[in-house]
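So this block is protein_18.cif, mmCIF, C-alpha atoms:
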data_protein
loop_
_atom_site.label_atom_id
_atom_site.label_comp_id
_atom_site.auth_asym_id
_atom_site.auth_seq_id
_atom_site.Cartn_x
_atom_site.Cartn_y
_atom_site.Cartn_z
CA MET A 21 0.00 0.00 0.00
CA TYR A 22 2.86 2.38 0.76
CA GLU A 23 4.37 1.79 -2.68
CA SER A 24 1.13 2.46 -4.58
CA ALA A 25 0.46 5.66 -2.62
CA SER A 26 4.02 6.79 -3.20
CA LEU A 27 3.82 5.92 -6.89
CA ARG A 28 0.48 7.74 -7.22
CA ALA A 29 1.93 10.85 -5.54
CA TYR A 30 4.98 10.76 -7.82
CA SER A 31 2.76 10.37 -10.92
CA LEU A 32 0.59 13.31 -9.85
CA LYS A 33 3.70 15.41 -9.28
CA LEU A 34 5.00 14.63 -12.79
CA LEU A 35 1.59 15.30 -14.32
CA ARG A 36 1.29 18.67 -12.58
CA LYS A 37 4.79 19.64 -13.67
CA ARG A 38 4.09 18.66 -17.28
CA ASN A 39 0.75 20.52 -17.36
CA THR A 40 2.25 23.61 -15.74
CA THR A 41 5.13 23.67 -18.22
CA HIS A 42 2.77 23.13 -21.15
CA ASP A 43 0.35 25.82 -19.97
CA MET A 44 3.15 28.34 -19.45
CA GLY A 45 4.54 27.68 -22.91
CA ALA A 46 1.14 28.13 -24.52
CA ALA A 47 0.51 31.36 -22.66
CA GLN A 48 3.89 32.76 -23.59
CA SER A 49 3.58 31.94 -27.30
CA ASP A 50 -0.02 33.20 -27.43
CA SER A 51 0.94 36.51 -25.86
CA ASN A 52 3.79 36.98 -28.34
CA ILE A 53 1.48 36.92 -31.37
CA SER A 54 -1.11 39.66 -31.60
CA LYS A 55 -4.52 39.04 -33.11
CA LYS A 56 -3.74 41.69 -35.75
CA ASP A 57 -0.57 39.80 -36.71
CA LEU A 58 -2.54 36.56 -36.96
CA VAL A 59 -5.14 38.23 -39.19
CA SER A 60 -2.34 39.63 -41.35
CA ARG A 61 -0.95 36.13 -41.76
CA ILE A 62 -4.40 34.76 -42.54
CA LYS A 63 -4.70 37.48 -45.19
CA GLN A 64 -1.44 36.34 -46.82
CA HIS A 65 -2.59 32.73 -46.62
CA VAL A 66 -5.97 33.47 -48.24
CA GLU A 67 -4.42 35.60 -50.99
CA SER A 68 -2.10 32.72 -51.93
CA ALA A 69 -4.85 30.06 -51.75
CA ASP A 70 -6.29 28.19 -54.72
CA ARG A 71 -8.80 30.70 -56.11
CA GLU A 72 -11.15 28.08 -57.52
CA LYS A 73 -11.38 26.10 -54.28
CA ALA A 74 -11.91 29.28 -52.27
CA LYS A 75 -14.65 30.48 -54.62
CA GLU A 76 -16.36 27.07 -54.37
CA ILE A 77 -16.84 27.77 -50.66
CA GLY A 78 -17.47 31.45 -51.29
CA GLY A 79 -19.16 33.75 -48.84
CA VAL A 80 -18.38 36.61 -46.52
CA PHE A 81 -17.33 35.77 -42.96
CA LEU A 82 -17.21 38.23 -40.08
CA PHE A 83 -15.04 37.44 -37.04
CA ASN A 84 -15.63 39.31 -33.78
CA ILE A 85 -12.71 38.72 -31.41
CA ILE A 86 -13.41 39.75 -27.83
CA LYS A 87 -10.86 40.74 -25.21
CA ASP A 88 -12.16 42.24 -21.98
CA THR A 89 -14.60 44.91 -23.20
CA THR A 90 -13.03 45.43 -26.62
CA VAL A 91 -14.17 43.82 -29.87
CA TYR A 92 -11.77 43.48 -32.81
CA SER A 93 -13.66 42.71 -36.03
CA TRP A 94 -12.22 41.44 -39.28
CA THR A 95 -13.74 40.04 -42.45
CA MET A 96 -12.79 37.24 -44.82
CA ASP A 97 -14.45 37.48 -48.24
CA LEU A 98 -13.87 34.26 -50.17
CA ASN A 99 -15.86 35.57 -53.14
CA LYS A 100 -13.11 38.15 -53.72
CA LEU A 101 -10.29 36.36 -51.84
CA ILE A 102 -9.64 39.29 -49.52
CA VAL A 103 -9.23 39.73 -45.78
CA TYR A 104 -9.55 43.10 -44.07
CA GLU A 105 -10.10 44.73 -40.69
CA GLY A 106 -13.63 45.82 -39.86
CA GLU A 107 -17.07 44.68 -40.82
CA PRO A 108 -18.33 44.06 -44.37
CA ALA A 109 -20.50 46.67 -46.09
CA GLY A 110 -23.41 44.21 -46.39
CA ASP A 111 -24.58 41.39 -44.16
CA PRO A 112 -22.07 38.56 -43.76
CA ASP A 113 -23.03 34.98 -44.62
CA THR A 114 -21.60 33.81 -41.30
CA THR A 115 -20.53 35.59 -38.12
CA PHE A 116 -18.12 34.10 -35.57
CA THR A 117 -17.86 35.57 -32.08
CA LEU A 118 -15.19 34.24 -29.73
CA ASN A 119 -12.68 35.47 -27.20
CA GLU A 120 -9.09 36.20 -28.11
CA HIS A 121 -7.69 33.14 -26.34
CA HIS A 122 -9.90 30.71 -28.27
CA PHE A 123 -9.23 32.57 -31.52
CA LYS A 124 -5.50 32.07 -31.01
CA GLN A 125 -6.04 28.41 -30.06
CA LEU A 126 -7.94 27.91 -33.31
CA VAL A 127 -5.56 29.77 -35.60
CA THR A 128 -2.41 28.24 -34.12
CA GLY A 129 -3.86 24.74 -34.45
CA ARG A 130 -3.90 23.99 -30.72
CA GLU A 131 -7.62 23.28 -30.90
CA GLU A 132 -9.91 22.19 -33.72
CA ALA A 133 -12.70 24.48 -34.92
CA ARG A 134 -15.27 21.72 -34.42
CA VAL A 135 -14.26 21.30 -30.77
CA ILE A 136 -14.37 25.05 -30.09
CA MET A 137 -17.81 25.35 -31.67
CA GLN A 138 -19.29 22.26 -30.02
CA ALA A 139 -17.98 23.32 -26.61
CA GLY A 140 -19.80 26.64 -26.97
CA ARG A 141 -16.59 28.68 -26.95
CA CYS A 142 -17.52 30.25 -30.27
CA SER A 143 -20.89 31.63 -31.33
CA VAL A 144 -21.63 30.99 -35.00
CA THR A 145 -24.60 32.59 -36.71
CA GLY A 146 -25.57 32.23 -40.33
CA ASP A 147 -24.39 29.47 -42.65
CA VAL A 148 -22.83 26.98 -40.21
CA MET A 149 -22.20 24.31 -42.87
CA ARG A 150 -20.11 26.75 -44.89
CA ALA A 151 -18.34 27.85 -41.72
CA MET A 152 -17.12 24.29 -41.13
CA LYS A 153 -15.22 24.46 -44.44
CA LEU A 154 -13.13 27.48 -43.39
CA GLU A 155 -10.57 25.72 -41.22
CA PRO A 156 -7.93 25.37 -44.00
CA TYR A 157 -8.09 29.14 -44.54
CA ILE A 158 -7.86 30.26 -40.91
CA LYS A 159 -5.66 27.61 -39.32
CA LEU A 160 -2.03 28.63 -39.69
CA GLY A 161 -0.28 26.02 -37.51
CA ASP A 162 3.14 25.34 -39.10
CA LYS A 163 3.00 28.58 -41.14
CA LEU A 164 3.54 30.52 -37.90
CA ARG A 165 7.04 29.11 -37.55
CA LYS A 166 8.17 30.51 -40.92
#

Entire entry expressed as structure tokens:
Amino acid sequence: MYESASLRAYSLKLLRKRNTTHDMGAAQSDSNISKKDLVSRIKQHVESADREKAKEIGGVFLFNIIKDTTVYSWTMDLNKLIVYEGEPAGDPDTTFTLNEHHFKQLVTGREEARVIMQAGRCSVTGDVMRAMKLEPYIKLGDKLRK
């Protein structure tokens, strides 16, 4: 009994250390990349994307990123293959509203869009089926290391 309690305590200690180290690393890398920088990189990614595939999805997507009491809005227009700060002139096909932390988790590839949406961490209004096809355009993952 002494050995199993000791082993359990040691395992918990290792697990806490690993989780603490992982959490600190995620927080540090998230804080180093601003949401504006991420949107700029998404813009470059969309502009270099396959035009035909992007136009097959089509649509105008508004992203509202919340931090404290501030909302940063940006738009992705796959009809024209452009990304810009602010809201579109007309009504968007789909609107995403999520906090800055979850936006960064999504864009950096730390969490899947489906998981964020299903967990209620992101509000999606409009064409949800079309929204599910956006992940290749907004997830940067390895492109952030370049």

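Within 10 Å of Phe116 in chain A, once only C-alpha atoms are used and residues closer than 5 positions along the same chain are dropped, the contacting residues are Phe81, Leu82, Phe83, Asn84, Ile85, Ser93, Phe123, Met137, Cys142, Ser143, Val144, Thr145, Gly146, Val148 and Ala151 of chain A.
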
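With only C-alpha atoms as the atoms that count, the residue of A:Val80, A:Lys75, A:Pro156, A:Asn52 with the shortest distance to Asp113 in chain A is A:Val80.
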
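Polymer residues near (-1.8, 28.3, -37.5): counting all atoms listed in the file with a cut-off of 10 Å, they are Leu58, Arg61, Ile62, Lys124, Gln125, Leu126, Val127, Thr128, Gly129, Arg130, Glu155, Pro156, Tyr157, Ile158, Lys159, Leu160, Gly161, Asp162, Lys163, Leu164 and Arg165 of chain A.
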
Tell me which protein, DNA and RNA residues are within 10 Å of Asn99 in chain A, counting all atoms listed in the file, leaving out same-chain ones fewer than 5 positions away, and put them as number ranges by chain.
A: 71-72, 74-80

Save out the residues we just selected, C-alpha atoms, as a short mmCIF file (atom, residue, chain, number, x, y, z; two decimals), in the coordinates of the input.
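Output file result-v2.cif follows:
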data_model
loop_
_atom_site.label_atom_id
_atom_site.label_comp_id
_atom_site.auth_asym_id
_atom_site.auth_seq_id
_atom_site.Cartn_x
_atom_site.Cartn_y
_atom_site.Cartn_z
CA ARG A 71 -8.80 30.70 -56.11
CA GLU A 72 -11.15 28.08 -57.52
CA ALA A 74 -11.91 29.28 -52.27
CA LYS A 75 -14.65 30.48 -54.62
CA GLU A 76 -16.36 27.07 -54.37
CA ILE A 77 -16.84 27.77 -50.66
CA GLY A 78 -17.47 31.45 -51.29
CA GLY A 79 -19.16 33.75 -48.84
CA VAL A 80 -18.38 36.61 -46.52
#

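Note that CA of Val91 in chain A and CA of Glu105 in chain A are 11.6 Å apart.
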
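CA of Lys55 in chain A sits 22.3 Å away from CA of Lys100 in chain A.
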
Rounded to one decimal place, report the CA of Ala69 in chain A-CA of Tyr104 in chain A distance in Å.
15.8 Å

Using all atoms listed in the file, find the one residue out of A:Asp147, A:Glu131, A:Asp57, A:Asp70 that sits nearest to Thr114 in chain A.
A:Asp147

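In this comparison, which uses only C-alpha atoms, the residue of A:Met152, A:Ala109, A:Val66, A:Ala139 approaching Met96 in chain A most closely is A:Val66.
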
Mind giving me the axis-aligned box for range 85-90 of chain A with 6 Å on every side, centre plus edges in Å to one decimal, as lines of an AutoDock Vina configuration file?
center_x = -12.7
center_y = 42.1
center_z = -26.7
size_x = 15.7
size_y = 18.7
size_z = 21.4

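The residue that comes closest to Lys87 in chain A, out of A:Ser68, A:Ser54, A:Thr115, A:Ser60 and on the basis of only C-alpha atoms, is A:Ser54.
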
Missing atoms in range 67-94 of chain A need filling: write out N, CA and C atoms for it as a PDB file, keeping the file's coordinate frame.
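That gives us out_11.pdb:
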ATOM      1  N   GLU A  67      -4.797  35.035 -49.690  1.00  0.00           N
ATOM      2  CA  GLU A  67      -4.420  35.600 -50.990  1.00  0.00           C
ATOM      3  C   GLU A  67      -3.594  34.632 -51.827  1.00  0.00           C
ATOM      4  N   SER A  68      -2.904  33.692 -51.179  1.00  0.00           N
ATOM      5  CA  SER A  68      -2.100  32.720 -51.930  1.00  0.00           C
ATOM      6  C   SER A  68      -2.828  31.385 -52.106  1.00  0.00           C
ATOM      7  N   ALA A  69      -4.077  31.311 -51.669  1.00  0.00           N
ATOM      8  CA  ALA A  69      -4.850  30.060 -51.750  1.00  0.00           C
ATOM      9  C   ALA A  69      -5.324  29.810 -53.186  1.00  0.00           C
ATOM     10  N   ASP A  70      -5.720  28.587 -53.431  1.00  0.00           N
ATOM     11  CA  ASP A  70      -6.290  28.190 -54.720  1.00  0.00           C
ATOM     12  C   ASP A  70      -7.611  28.952 -54.907  1.00  0.00           C
ATOM     13  N   ARG A  71      -7.635  29.835 -55.888  1.00  0.00           N
ATOM     14  CA  ARG A  71      -8.800  30.700 -56.110  1.00  0.00           C
ATOM     15  C   ARG A  71     -10.076  29.912 -56.383  1.00  0.00           C
ATOM     16  N   GLU A  72      -9.960  28.873 -57.165  1.00  0.00           N
ATOM     17  CA  GLU A  72     -11.150  28.080 -57.520  1.00  0.00           C
ATOM     18  C   GLU A  72     -11.744  27.384 -56.310  1.00  0.00           C
ATOM     19  N   LYS A  73     -10.887  26.779 -55.487  1.00  0.00           N
ATOM     20  CA  LYS A  73     -11.380  26.100 -54.280  1.00  0.00           C
ATOM     21  C   LYS A  73     -12.013  27.090 -53.321  1.00  0.00           C
ATOM     22  N   ALA A  74     -11.387  28.254 -53.170  1.00  0.00           N
ATOM     23  CA  ALA A  74     -11.910  29.280 -52.270  1.00  0.00           C
ATOM     24  C   ALA A  74     -13.273  29.775 -52.762  1.00  0.00           C
ATOM     25  N   LYS A  75     -13.390  29.980 -54.065  1.00  0.00           N
ATOM     26  CA  LYS A  75     -14.650  30.480 -54.620  1.00  0.00           C
ATOM     27  C   LYS A  75     -15.750  29.426 -54.563  1.00  0.00           C
ATOM     28  N   GLU A  76     -15.374  28.134 -54.547  1.00  0.00           N
ATOM     29  CA  GLU A  76     -16.360  27.070 -54.370  1.00  0.00           C
ATOM     30  C   GLU A  76     -17.044  27.201 -53.013  1.00  0.00           C
ATOM     31  N   ILE A  77     -16.261  27.533 -51.994  1.00  0.00           N
ATOM     32  CA  ILE A  77     -16.840  27.770 -50.660  1.00  0.00           C
ATOM     33  C   ILE A  77     -17.567  29.097 -50.681  1.00  0.00           C
ATOM     34  N   GLY A  78     -16.888  30.113 -51.169  1.00  0.00           N
ATOM     35  CA  GLY A  78     -17.470  31.450 -51.290  1.00  0.00           C
ATOM     36  C   GLY A  78     -17.994  31.992 -49.968  1.00  0.00           C
ATOM     37  N   GLY A  79     -18.534  33.162 -50.013  1.00  0.00           N
ATOM     38  CA  GLY A  79     -19.160  33.750 -48.840  1.00  0.00           C
ATOM     39  C   GLY A  79     -18.327  34.812 -48.164  1.00  0.00           C
ATOM     40  N   VAL A  80     -19.002  35.541 -47.293  1.00  0.00           N
ATOM     41  CA  VAL A  80     -18.380  36.610 -46.520  1.00  0.00           C
ATOM     42  C   VAL A  80     -18.514  36.221 -45.048  1.00  0.00           C
ATOM     43  N   PHE A  81     -17.381  36.234 -44.337  1.00  0.00           N
ATOM     44  CA  PHE A  81     -17.330  35.770 -42.960  1.00  0.00           C
ATOM     45  C   PHE A  81     -16.810  36.883 -42.058  1.00  0.00           C
ATOM     46  N   LEU A  82     -17.590  37.203 -41.044  1.00  0.00           N
ATOM     47  CA  LEU A  82     -17.210  38.230 -40.080  1.00  0.00           C
ATOM     48  C   LEU A  82     -16.741  37.538 -38.803  1.00  0.00           C
ATOM     49  N   PHE A  83     -15.583  37.965 -38.296  1.00  0.00           N
ATOM     50  CA  PHE A  83     -15.040  37.440 -37.040  1.00  0.00           C
ATOM     51  C   PHE A  83     -15.007  38.573 -36.022  1.00  0.00           C
ATOM     52  N   ASN A  84     -15.658  38.368 -34.897  1.00  0.00           N
ATOM     53  CA  ASN A  84     -15.630  39.310 -33.780  1.00  0.00           C
ATOM     54  C   ASN A  84     -14.804  38.674 -32.669  1.00  0.00           C
ATOM     55  N   ILE A  85     -13.633  39.248 -32.416  1.00  0.00           N
ATOM     56  CA  ILE A  85     -12.710  38.720 -31.410  1.00  0.00           C
ATOM     57  C   ILE A  85     -12.808  39.605 -30.176  1.00  0.00           C
ATOM     58  N   ILE A  86     -13.156  38.995 -29.059  1.00  0.00           N
ATOM     59  CA  ILE A  86     -13.410  39.750 -27.830  1.00  0.00           C
ATOM     60  C   ILE A  86     -12.258  39.590 -26.850  1.00  0.00           C
ATOM     61  N   LYS A  87     -11.822  40.732 -26.303  1.00  0.00           N
ATOM     62  CA  LYS A  87     -10.860  40.740 -25.210  1.00  0.00           C
ATOM     63  C   LYS A  87     -11.310  41.802 -24.225  1.00  0.00           C
ATOM     64  N   ASP A  88     -11.613  41.360 -23.011  1.00  0.00           N
ATOM     65  CA  ASP A  88     -12.160  42.240 -21.980  1.00  0.00           C
ATOM     66  C   ASP A  88     -13.432  42.907 -22.516  1.00  0.00           C
ATOM     67  N   THR A  89     -13.414  44.217 -22.695  1.00  0.00           N
ATOM     68  CA  THR A  89     -14.600  44.910 -23.200  1.00  0.00           C
ATOM     69  C   THR A  89     -14.416  45.417 -24.625  1.00  0.00           C
ATOM     70  N   THR A  90     -13.351  44.978 -25.267  1.00  0.00           N
ATOM     71  CA  THR A  90     -13.030  45.430 -26.620  1.00  0.00           C
ATOM     72  C   THR A  90     -13.360  44.340 -27.643  1.00  0.00           C
ATOM     73  N   VAL A  91     -13.883  44.754 -28.785  1.00  0.00           N
ATOM     74  CA  VAL A  91     -14.170  43.820 -29.870  1.00  0.00           C
ATOM     75  C   VAL A  91     -13.338  44.224 -31.085  1.00  0.00           C
ATOM     76  N   TYR A  92     -12.562  43.273 -31.590  1.00  0.00           N
ATOM     77  CA  TYR A  92     -11.770  43.480 -32.810  1.00  0.00           C
ATOM     78  C   TYR A  92     -12.470  42.687 -33.909  1.00  0.00           C
ATOM     79  N   SER A  93     -12.931  43.362 -34.945  1.00  0.00           N
ATOM     80  CA  SER A  93     -13.660  42.710 -36.030  1.00  0.00           C
ATOM     81  C   SER A  93     -12.807  42.681 -37.296  1.00  0.00           C
ATOM     82  N   TRP A  94     -12.878  41.556 -37.985  1.00  0.00           N
ATOM     83  CA  TRP A  94     -12.220  41.440 -39.280  1.00  0.00           C
ATOM     84  C   TRP A  94     -13.082  40.558 -40.175  1.00  0.00           C
TER      85      TRP A  94
END
